[in-house]
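Some notes on the structure that comes next.
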Amino acid sequence: MSIREFQDLMKDLYFPKDKHRGISDTFIWLVEEVGELATELNKGRNKKNISEEMADIFAWMCSLANLLDIDLDQAVFEKYPKKCPKCGSNPCQCD
């Protein structure tokens, strides 16, 4: 599944709820998920739990992008066109 396909799935599943919640509260949910990831990383590094928190972060990021009408697929590949956006190398040669 591509980034665009996953973002579309999140829109199909949750957009009415996300729109009702609004940008600020959706962002708060995203930040809470980042906090949950931090907790898992500090606990003992259970790979299953960490992967679930990462999936939640990505889902909330897609929901926020949908509310802001941002195509994450396009944004990611414009920012990171198979090379470092700062030095232009792959792999990165930045200090």
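Please note that chains go A, B, ... in the order of the structure tokens, that every chain numbers its residues from 1, and that ligands are numbered from 1 in the order shown.
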Segment 64-72 of chain A: which residues within 12 Å, counting only C-alpha atoms, same-chain residues fewer than 6 positions away excluded, as a compact mmCIF listing (two decimals) with C-alpha atoms, in the first residue's frame?
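Printed below is part26.txt as written:
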```txt
# COMPACT_ATOMS: atom_id res chain seq x y z
CA SER A 2 1.36 3.44 -0.91
CA ILE A 3 1.31 6.48 1.35
CA ARG A 4 -1.48 7.94 -0.78
CA GLU A 5 -3.55 4.75 -0.54
CA PHE A 6 -3.18 4.67 3.24
CA GLN A 7 -4.05 8.36 3.54
CA ASP A 8 -7.13 7.75 1.40
CA LEU A 9 -8.09 4.82 3.64
CA MET A 10 -7.83 7.03 6.73
CA LYS A 11 -10.01 9.60 4.97
CA ASP A 12 -12.62 6.98 4.06
CA LEU A 13 -12.66 5.59 7.59
CA TYR A 14 -12.38 8.69 9.75
CA PHE A 15 -12.77 12.01 7.89
CA PRO A 16 -16.22 12.91 9.29
CA LYS A 17 -14.99 12.29 12.85
CA ASP A 18 -11.70 14.08 12.17
CA LYS A 19 -13.50 17.07 10.69
CA HIS A 20 -15.82 17.26 13.69
CA ARG A 21 -12.82 16.99 16.06
CA GLY A 22 -10.92 19.69 14.17
CA ILE A 23 -7.27 20.37 13.45
CA SER A 24 -6.17 21.31 16.98
CA ASP A 25 -7.67 18.28 18.70
CA THR A 26 -6.47 15.94 15.95
CA PHE A 27 -2.97 17.32 16.43
CA ILE A 28 -3.27 16.70 20.17
CA TRP A 29 -4.16 13.05 19.47
CA LEU A 30 -1.06 12.81 17.25
CA VAL A 31 1.14 14.21 20.01
CA ILE A 57 1.36 7.96 14.69
CA PHE A 58 1.27 7.47 10.95
CA GLU A 78 9.15 16.25 -2.96
CA LYS A 79 11.05 16.77 0.32
CA TYR A 80 13.06 13.52 0.06
```
Problem - atom CA of Ser63 of chain A to atom CA of Leu41 of chain A, distance in Å rounded to a single decimal - result: 23.9 Å
Exercise for the section: Pull the helix (DSSP H, G or I) assignments for chain A out of DSSP run on the backbone, and list those residues as a VMD selection string. Expected result: chain A and resid 3 to 21 23 to 43 47 to 67 72 to 79
Problem - Between atom CA of Glu53 of chain A and atom CA of Leu37 of chain A, distance in Å (one decimal) - result: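 So the two atoms, atom CA of Glu53 of chain A and atom CA of Leu37 of chain A, lie 5.4 Å apart.
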Exercise for the section: Mind giving me the straight-line distance from atom CA of Cys92 of chain A to atom CA of Ser51 of chain A in Å, one decimal? Expected result: 25.4 Å
Problem - For segment 54-56 of chain A: contacts at 10 Å, only C-alpha atoms, fewer than 5 positions along chain excluded, given as a VMD selection string - result: chain A and resid 29 to 30 33 to 34 36 to 37 48 to 49 61 to 62
Could you write out the selected residues, including N, CA and C atoms, as a JSON list (two decimals), in the first residue's frame?
```json
[["chain", "number", "residue", "atom", "x", "y", "z"],
["A", 29, "TRP", "N", -4.16, 14.52, 19.51],
["A", 29, "TRP", "CA", -4.16, 13.05, 19.47],
["A", 29, "TRP", "C", -2.83, 12.54, 18.90],
["A", 30, "LEU", "N", -2.34, 13.20, 17.85],
["A", 30, "LEU", "CA", -1.06, 12.81, 17.25],
["A", 30, "LEU", "C", 0.06, 12.91, 18.29],
["A", 33, "GLU", "N", -0.02, 10.17, 20.78],
["A", 33, "GLU", "CA", 0.53, 8.91, 20.24],
["A", 33, "GLU", "C", 2.06, 8.94, 20.25],
["A", 34, "VAL", "N", 2.65, 10.09, 19.99],
["A", 34, "VAL", "CA", 4.11, 10.20, 20.07],
["A", 34, "VAL", "C", 4.56, 9.94, 21.51],
["A", 36, "GLU", "N", 3.01, 8.05, 23.65],
["A", 36, "GLU", "CA", 2.88, 6.61, 23.89],
["A", 36, "GLU", "C", 4.05, 5.85, 23.29],
["A", 37, "LEU", "N", 4.55, 6.30, 22.14],
["A", 37, "LEU", "CA", 5.75, 5.68, 21.56],
["A", 37, "LEU", "C", 6.94, 5.89, 22.49],
["A", 48, "LYS", "N", 6.59, -5.32, 19.11],
["A", 48, "LYS", "CA", 5.18, -5.31, 18.70],
["A", 48, "LYS", "C", 4.49, -4.03, 19.17],
["A", 49, "ASN", "N", 4.69, -3.67, 20.42],
["A", 49, "ASN", "CA", 4.08, -2.45, 20.95],
["A", 49, "ASN", "C", 4.60, -1.20, 20.25],
["A", 61, "MET", "N", -1.13, 11.18, 11.62],
["A", 61, "MET", "CA", -0.49, 12.13, 10.71],
["A", 61, "MET", "C", -1.31, 12.22, 9.41],
["A", 62, "CYS", "N", -1.78, 11.09, 8.93],
["A", 62, "CYS", "CA", -2.62, 11.08, 7.73],
["A", 62, "CYS", "C", -3.94, 11.80, 7.97]]
```
